[in-house]
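Shown below: query_26.txt, with compact mmCIF, C-alpha atoms.
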# COMPACT_ATOMS: atom_id res chain seq x y z
CA MET B 3 -45.57 37.68 40.99
CA SER B 4 -44.13 39.58 43.95
CA ASP B 5 -46.40 41.31 46.46
CA PRO B 6 -48.89 43.40 44.40
CA ALA B 7 -48.37 46.52 46.53
CA ASP B 8 -44.59 46.28 46.13
CA GLU B 9 -45.02 45.64 42.41
CA PHE B 10 -47.06 48.81 42.00
CA ALA B 11 -44.63 50.85 44.10
CA ALA B 12 -41.75 49.72 41.90
CA HIS B 13 -43.52 51.03 38.79
CA ARG B 14 -45.00 54.17 40.34
CA PRO B 15 -42.23 56.60 39.23
CA LEU B 16 -42.64 55.40 35.63
CA LEU B 17 -46.42 55.64 35.78
CA PHE B 18 -46.33 59.18 37.16
CA SER B 19 -43.82 60.17 34.47
CA ILE B 20 -45.98 58.80 31.66
CA ALA B 21 -49.03 60.64 32.97
CA TYR B 22 -47.14 63.90 33.46
CA GLU B 23 -45.64 63.79 29.94
CA ILE B 24 -49.10 63.28 28.47
CA LEU B 25 -50.91 65.84 30.65
CA GLY B 26 -48.31 68.44 31.71
CA SER B 27 -49.94 68.54 35.15
CA VAL B 28 -48.52 67.21 38.41
CA ALA B 29 -51.91 67.15 40.11
CA ASP B 30 -53.62 65.33 37.24
CA ALA B 31 -50.74 62.87 36.93
CA GLU B 32 -51.03 62.03 40.62
CA ASP B 33 -54.79 61.48 40.21
CA VAL B 34 -54.15 59.17 37.26
CA VAL B 35 -51.65 57.13 39.26
CA GLN B 36 -54.10 56.87 42.15
CA ASP B 37 -56.81 55.64 39.76
CA ALA B 38 -54.35 53.07 38.41
CA TYR B 39 -53.61 51.87 41.93
CA LEU B 40 -57.31 51.32 42.63
CA ARG B 41 -57.62 49.42 39.36
CA TRP B 42 -54.54 47.36 40.27
CA GLN B 43 -56.02 46.43 43.64
CA ALA B 44 -59.18 45.12 41.97
CA VAL B 45 -57.57 43.09 39.17
CA ASP B 46 -56.81 39.36 39.31
CA HIS B 47 -53.03 39.63 39.57
CA ALA B 48 -52.51 36.05 38.47
CA SER B 49 -53.98 37.00 35.08
CA VAL B 50 -51.43 39.78 34.49
CA ASP B 51 -48.36 38.46 32.67
CA ASN B 52 -46.56 41.81 32.41
CA PRO B 53 -47.40 44.25 35.25
CA ARG B 54 -45.30 47.06 33.74
CA ALA B 55 -47.14 46.92 30.42
CA TYR B 56 -50.52 46.47 32.09
CA LEU B 57 -50.08 49.45 34.41
CA ALA B 58 -48.70 51.64 31.63
CA ARG B 59 -51.77 50.78 29.56
CA VAL B 60 -54.13 51.72 32.40
CA VAL B 61 -52.32 55.02 33.02
CA THR B 62 -52.14 55.92 29.32
CA ARG B 63 -55.83 55.35 28.73
CA ARG B 64 -56.85 57.37 31.77
CA ALA B 65 -54.43 60.18 30.89
CA LEU B 66 -55.78 60.28 27.33
CA ASP B 67 -59.33 60.62 28.66
CA LEU B 68 -58.28 63.58 30.80
CA LEU B 69 -56.27 65.17 27.98
CA ARG B 70 -59.20 65.06 25.59
CA SER B 71 -61.55 66.57 28.18
CA ALA B 72 -59.00 69.31 28.91
CA ALA B 73 -58.58 70.32 25.26
CA ARG B 74 -61.51 72.79 25.24
CA ARG B 75 -60.54 74.26 28.62
CA ARG B 76 -57.05 74.97 27.32
CA GLU B 77 -58.46 76.67 24.23
CA GLU B 78 -60.35 79.03 26.53
CA TYR B 79 -57.43 79.51 28.94
CA VAL B 80 -56.67 83.13 29.83
CA GLY B 81 -53.19 84.01 28.57
CA PRO B 82 -50.42 81.51 27.77
CA TRP B 83 -50.80 77.99 29.16
CA LEU B 84 -47.66 76.51 30.72
CA PRO B 85 -47.13 73.05 32.20
CA GLU B 86 -47.32 72.68 35.95
CA PRO B 87 -43.76 72.98 37.30
CA LEU B 88 -42.09 69.68 38.17
CA ALA B 89 -39.10 69.69 40.51
CA THR B 90 -36.24 67.74 38.94
CA ASP B 91 -33.49 68.37 41.47
CA GLY B 92 -34.63 65.89 44.09
CA ALA B 93 -35.93 68.70 46.29
CA ASP B 94 -39.33 67.06 46.70
CA PRO B 95 -39.00 63.32 47.44
CA GLY B 96 -42.78 63.04 47.46
CA LEU B 97 -42.80 63.41 43.66
CA ASP B 98 -40.93 60.33 42.51
CA HIS B 99 -40.44 60.20 38.75
CA VAL B 100 -37.93 59.05 36.18
CA LEU B 101 -37.97 62.07 33.88
CA THR B 102 -34.64 63.56 32.89
CA GLY B 103 -33.10 65.53 30.04
CA GLU B 104 -34.92 67.22 27.20
CA ALA B 105 -38.14 65.23 27.59
CA VAL B 106 -39.13 67.07 30.77
CA THR B 107 -38.28 70.62 29.67
CA THR B 108 -41.07 73.15 29.30
CA ALA B 109 -40.04 73.69 25.68
CA MET B 110 -40.60 70.02 24.86
CA LEU B 111 -43.88 69.85 26.78
CA LEU B 112 -45.15 72.85 24.82
CA VAL B 113 -44.22 71.11 21.57
CA LEU B 114 -46.10 68.02 22.75
CA GLU B 115 -49.14 70.25 23.32
CA THR B 116 -49.32 70.79 19.56
CA LEU B 117 -49.72 67.05 18.86
CA THR B 118 -53.05 65.26 18.79
CA PRO B 119 -53.77 63.32 22.00
CA ALA B 120 -53.08 59.98 20.26
CA GLN B 121 -49.84 61.25 18.72
CA ARG B 122 -48.70 62.58 22.07
CA ALA B 123 -49.35 59.31 23.89
CA VAL B 124 -47.62 57.25 21.21
CA PHE B 125 -44.62 59.60 21.06
CA VAL B 126 -44.23 59.61 24.83
CA LEU B 127 -44.44 55.84 25.17
CA ARG B 128 -42.09 55.16 22.25
CA GLU B 129 -39.58 58.01 22.19
CA VAL B 130 -39.38 58.85 25.89
CA PHE B 131 -39.95 55.47 27.55
CA ASP B 132 -39.02 53.05 24.74
CA PHE B 133 -42.10 50.84 24.89
CA GLY B 134 -42.52 48.35 22.06
CA TYR B 135 -45.10 48.95 19.37
CA PRO B 136 -47.31 45.99 20.43
CA GLU B 137 -47.47 47.40 23.97
CA ILE B 138 -48.24 50.89 22.69
CA ALA B 139 -50.96 49.58 20.37
CA ALA B 140 -52.67 47.91 23.33
CA ALA B 141 -52.35 51.06 25.41
CA VAL B 142 -53.94 53.44 22.89
CA GLY B 143 -56.39 50.99 21.33
CA ARG B 144 -54.99 51.22 17.79
CA SER B 145 -53.42 48.70 15.43
CA GLU B 146 -49.65 48.35 15.44
CA ALA B 147 -49.51 49.74 11.91
CA ALA B 148 -51.56 52.77 12.95
CA VAL B 149 -49.29 53.34 15.95
CA ARG B 150 -46.18 53.29 13.77
CA GLN B 151 -47.76 55.87 11.48
CA LEU B 152 -48.77 58.06 14.43
CA ASN B 153 -45.23 57.96 15.76
CA ARG B 154 -43.70 58.85 12.39
CA ARG B 155 -45.93 61.91 12.15
CA ALA B 156 -45.30 62.89 15.75
CA ARG B 157 -41.52 62.59 15.37
CA ALA B 158 -41.54 64.69 12.22
CA HIS B 159 -43.67 67.33 13.93
CA VAL B 160 -41.44 67.45 17.01
CA ARG B 161 -38.26 67.53 14.90
CA GLU B 162 -39.62 70.49 12.92
CA ARG B 163 -40.38 72.51 16.06
CA ARG B 164 -37.44 71.50 18.24
CA GLY B 165 -34.64 74.04 18.45
CA ALA B 166 -31.02 73.65 19.48
CA ALA B 167 -30.28 71.51 22.51
CA ILE B 168 -31.18 73.05 25.86
CA ALA B 169 -28.23 73.32 28.24
CA ASP B 170 -28.36 71.06 31.27
CA PRO B 171 -28.48 72.80 34.68
CA ALA B 172 -24.72 72.51 35.27
CA GLU B 173 -23.92 74.17 31.93
CA ALA B 174 -26.59 76.81 32.40
CA ARG B 175 -25.61 77.76 35.96
CA PRO B 176 -23.07 80.55 35.09
CA VAL B 177 -25.57 82.17 32.74
CA VAL B 178 -28.31 82.02 35.34
CA GLU B 179 -26.05 83.53 38.02
CA ARG B 180 -25.17 86.47 35.77
CA PHE B 181 -28.83 86.82 34.84
CA LEU B 182 -29.88 87.08 38.48
CA THR B 183 -27.15 89.59 39.28
CA ALA B 184 -28.11 91.82 36.35
CA ALA B 185 -31.83 91.64 37.14
CA ALA B 186 -31.33 92.30 40.86
CA THR B 187 -29.03 95.30 40.27
CA GLY B 188 -31.08 96.80 37.45
CA ASP B 189 -28.28 96.45 34.89
CA VAL B 190 -30.32 96.51 31.71
CA GLN B 191 -27.38 96.24 29.30
CA SER B 192 -25.85 93.23 31.06
CA LEU B 193 -29.27 91.61 31.12
CA MET B 194 -29.82 92.23 27.40
CA ASP B 195 -26.40 90.75 26.63
CA LEU B 196 -27.50 87.48 28.25
CA LEU B 197 -30.74 87.27 26.27
CA ALA B 198 -30.85 85.59 22.87
CA PRO B 199 -32.09 87.69 19.92
CA ASP B 200 -35.26 85.59 19.74
CA VAL B 201 -35.84 85.36 23.51
CA VAL B 202 -39.47 85.04 24.62
CA PHE B 203 -41.12 85.64 27.99
CA LEU B 204 -44.27 83.66 28.78
CA ALA B 205 -46.33 84.14 31.94
CA ASP B 206 -49.13 81.86 33.14
CA GLY B 207 -51.57 83.49 35.55
CA GLY B 208 -54.56 81.52 34.32
CA GLY B 209 -56.78 84.56 34.73
CA VAL B 210 -56.53 84.02 38.51
CA VAL B 211 -53.65 86.41 39.26
CA SER B 212 -52.09 89.23 37.28
CA ALA B 213 -49.64 88.19 34.57
CA VAL B 214 -48.62 89.32 31.10
CA ARG B 215 -51.26 87.79 28.85
CA ARG B 216 -49.25 87.76 25.63
CA PRO B 217 -45.77 86.50 24.85
CA VAL B 218 -43.10 89.21 25.03
CA HIS B 219 -40.36 88.93 22.38
CA GLY B 220 -36.88 90.42 22.00
CA PRO B 221 -34.02 91.29 24.40
CA ASP B 222 -34.98 94.94 24.90
CA LYS B 223 -38.64 94.35 25.73
CA VAL B 224 -37.94 91.27 27.85
CA ALA B 225 -35.12 92.94 29.80
CA ARG B 226 -37.20 96.01 30.62
CA LEU B 227 -40.17 93.84 31.59
CA LEU B 228 -37.99 91.78 33.95
CA LEU B 229 -36.44 94.82 35.60
CA GLY B 230 -39.89 96.30 36.08
CA LEU B 231 -41.16 93.08 37.67
CA PHE B 232 -38.16 92.85 40.00
CA ALA B 233 -38.62 96.48 41.08
CA LYS B 234 -42.36 96.01 41.57
CA GLY B 235 -41.78 92.94 43.73
CA ALA B 236 -39.29 94.78 45.91
CA ARG B 237 -41.80 97.62 46.42
CA MET B 238 -44.61 95.27 47.38
CA GLY B 239 -42.80 93.59 50.25
CA VAL B 240 -39.93 91.35 51.29
CA LEU B 241 -38.85 89.38 48.23
CA ASP B 242 -37.13 86.05 48.88
CA ILE B 243 -35.65 84.28 45.86
CA ARG B 244 -34.52 80.67 45.82
CA VAL B 245 -32.80 78.91 42.93
CA GLY B 246 -33.57 75.30 42.05
CA VAL B 247 -34.12 73.03 39.08
CA THR B 248 -37.57 72.74 37.55
CA ASN B 249 -38.37 70.76 34.41
CA GLY B 250 -34.66 70.17 33.86
CA MET B 251 -33.85 73.90 33.85
CA HIS B 252 -32.65 76.37 36.46
CA SER B 253 -35.62 78.05 38.07
CA ILE B 254 -36.29 80.93 40.42
CA THR B 255 -38.90 80.43 43.12
CA ALA B 256 -40.05 83.78 44.47
CA TYR B 257 -41.75 84.33 47.81
CA LEU B 258 -43.31 87.69 48.64
CA ASP B 259 -43.64 88.38 52.37
CA GLY B 260 -43.31 84.64 52.95
CA ALA B 261 -46.05 83.64 50.49
CA LEU B 262 -45.23 81.77 47.28
CA ASP B 263 -45.63 84.13 44.34
CA GLN B 264 -44.20 82.37 41.27
CA ILE B 265 -41.77 79.90 39.75
CA THR B 266 -39.79 81.11 36.75
CA ALA B 267 -37.73 78.67 34.71
CA LEU B 268 -34.90 79.85 32.46
CA GLU B 269 -34.20 78.05 29.19
CA VAL B 270 -30.54 78.37 28.16
CA ARG B 271 -29.20 77.44 24.72
CA ASP B 272 -25.69 78.19 23.42
CA GLY B 273 -24.84 80.33 26.43
CA ARG B 274 -27.86 82.64 26.29
CA VAL B 275 -31.35 82.69 27.77
CA THR B 276 -33.76 81.78 24.98
CA ALA B 277 -37.01 81.56 26.94
CA ILE B 278 -38.37 82.53 30.34
CA TYR B 279 -41.37 80.61 31.65
CA CYS B 280 -43.14 82.26 34.59
CA VAL B 281 -45.90 80.31 36.35
CA ARG B 282 -48.04 82.40 38.72
CA ASN B 283 -51.34 80.50 38.53
CA PRO B 284 -51.76 79.37 42.16
CA GLU B 285 -53.54 76.20 41.02
CA LYS B 286 -50.24 75.10 39.46
CA LEU B 287 -48.15 75.86 42.53
CA THR B 288 -49.86 73.69 45.10
CA LYS B 289 -47.05 71.10 45.08
CA VAL B 290 -44.30 73.64 45.75
CA PRO B 291 -42.94 73.43 49.32
CA ALA B 292 -44.09 76.19 51.63
CA HIS B 293 -41.65 78.92 52.62
Please rewrite the model in this file as structure tokens.
Amino acid sequence: MSDPADEFAAHRPLLFSIAYEILGSVADAEDVVQDAYLRWQAVDHASVDNPRAYLARVVTRRALDLLRSAARRREEYVGPWLPEPLATDGADPGLDHVLTGEAVTTAMLLVLETLTPAQRAVFVLREVFDFGYPEIAAAVGRSEAAVRQLNRRARAHVRERRGAAIADPAEARPVVERFLTAAATGDVQSLMDLLAPDVVFLADGGGVVSAVRRPVHGPDKVARLLLGLFAKGARMGVLDIRVGVTNGMHSITAYLDGALDQITALEVRDGRVTAIYCVRNPEKLTKVPAH
């Protein structure tokens, strides 16, 4: 085996990605990886035949423990719960991960929230990271036959709830630029034209800061809500907006008088905005770079 510290570092992006996909939390995923590192330091490395599989097993089990303990807290969460934003444009080199494409989108993470913890772990390991069934069985403490059954059910559930493909950031960019122009200028009709008929606006304040506590549906209601929020922000102080890529989608990071206020990700499908995910809960914004 190579140097144990180097071995762990080589697998760290994968381990963080597994934990984040299971938990939907950057902070919790980092804690899980740190726990795995401490476990790795204490183990007899000569007894580990496959470090990748061993470390993935450690991370999966710890993430499952946290997910199960978080289930009741999420049931009591004030307003919609959204995953903690994860930068996917390389803007934060301190958050190394391997997540790309549909797997990291907020839409997919919300679908994964509807799976049982075991189904979610199995689906993530198999469908996102292509682990073999024997490795997955060891990670979740189930038989290989049980794991195959869990994955079949999880895939069917995800397929049923998954919509059309989400546009990648390059394809979505023109839509997002027009969206920002319409919202900033108060052009309600242009904004409505960019919104899909079934568009939804979700805001996560966690009961800590003000945010819309119920999903808002439809182009008219969403457009007027957005214009109202933009106008309110401008009245409250100096509004600085920066565009980036979060969870594989274009996002708007808003600073109010120099203080981080929110991150809003735009989901684009077939040339229109189908969902708007606004995270204002300050506990979920601690990893965002300061102004």
(request) May I have the residues within 10 Å of range 48-65 of chain B as an MDAnalysis selection string, using all atoms listed in the file and disregarding those fewer than 6 positions away in the same chain? (result) chainID B and resid 3 6 9:10 12:14 16:18 20:25 30:31 33:39 41:42 71 119:120 123:124 126:127 133:134 137:143
(message) For a test of reading the model, state the distance in Å between CA of Leu227 in chain B and CA of Arg274 in chain B, rounded to one decimal.
(response)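 Interatomic distance here is 17.5 Å.
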Centre and edge lengths of an axis-aligned box around all listed atoms of range 34-51 of chain B, with 3 Å added on each side, are to be given in Å to one decimal, as lines of an AutoDock Vina configuration file.
center_x = -53.8
center_y = 47.6
center_z = 38.2
size_x = 16.8
size_y = 29.1
size_z = 17.0
(message) Nearest residue to Ile278 in chain B out of B:Ile243, B:Val218, B:Leu262, B:Leu88, using only C-alpha atoms?
(response)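 Closest to Ile278 in chain B of all the choices is B:Val218.
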(message) If I take CA of Ala158 in chain B and CA of Leu111 in chain B, how far is one from the other in Å, to one decimal?
(response)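 Going from CA of Ala158 in chain B over to CA of Leu111 in chain B, I get 15.6 Å.
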(request) Select, from B:Gly273, B:Gly26, B:Pro87, B:Gly103, the residue with the minimum atom-to-atom distance to Leu68 in chain B, counting all atoms listed in the file. (result)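 Closest to Leu68 in chain B, using all atoms listed in the file: B:Gly26.
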(request) Record the distance separating CA of Gly260 in chain B and CA of Val106 in chain B, expressed in Å with one decimal. (result) 28.6 Å
(request) Find, counting only C-alpha atoms, the residue in B:Arg282, B:Lys234, B:Arg164, B:Lys223 that gets nearest to Thr255 in chain B. (result)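 Closest to Thr255 in chain B, using only C-alpha atoms: B:Arg282.
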(request) Compile the contact shell of Thr102 in chain B as an NGL selection string: residues with an atom at most 12 Å away, counting only C-alpha atoms, same-chain residues fewer than 6 positions apart removed. (result) :B and (16 or 19 or 23 or 88-92 or 110 or 130-131 or 170-171 or 247-251)
Writer output for current selection, C-alpha atoms, as a PDB file, in the frame of the given file:
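And here's part-v6.pdb as it stands now:
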ATOM      1  CA  LEU B  16     -42.640  55.400  35.630  1.00  0.00           C
ATOM      2  CA  SER B  19     -43.820  60.170  34.470  1.00  0.00           C
ATOM      3  CA  GLU B  23     -45.640  63.790  29.940  1.00  0.00           C
ATOM      4  CA  LEU B  88     -42.090  69.680  38.170  1.00  0.00           C
ATOM      5  CA  ALA B  89     -39.100  69.690  40.510  1.00  0.00           C
ATOM      6  CA  THR B  90     -36.240  67.740  38.940  1.00  0.00           C
ATOM      7  CA  ASP B  91     -33.490  68.370  41.470  1.00  0.00           C
ATOM      8  CA  GLY B  92     -34.630  65.890  44.090  1.00  0.00           C
ATOM      9  CA  MET B 110     -40.600  70.020  24.860  1.00  0.00           C
ATOM     10  CA  VAL B 130     -39.380  58.850  25.890  1.00  0.00           C
ATOM     11  CA  PHE B 131     -39.950  55.470  27.550  1.00  0.00           C
ATOM     12  CA  ASP B 170     -28.360  71.060  31.270  1.00  0.00           C
ATOM     13  CA  PRO B 171     -28.480  72.800  34.680  1.00  0.00           C
ATOM     14  CA  VAL B 247     -34.120  73.030  39.080  1.00  0.00           C
ATOM     15  CA  THR B 248     -37.570  72.740  37.550  1.00  0.00           C
ATOM     16  CA  ASN B 249     -38.370  70.760  34.410  1.00  0.00           C
ATOM     17  CA  GLY B 250     -34.660  70.170  33.860  1.00  0.00           C
ATOM     18  CA  MET B 251     -33.850  73.900  33.850  1.00  0.00           C
TER      19      MET B 251
END
(message) Here is a test: counting all atoms listed in the file, which residue of B:Lys286, B:Arg215, B:His47, B:Arg175 is nearest to Val245 in chain B?
(response)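 Of B:Lys286, B:Arg215, B:His47, B:Arg175, the one nearest Val245 in chain B, counting all atoms listed in the file, is B:Arg175.
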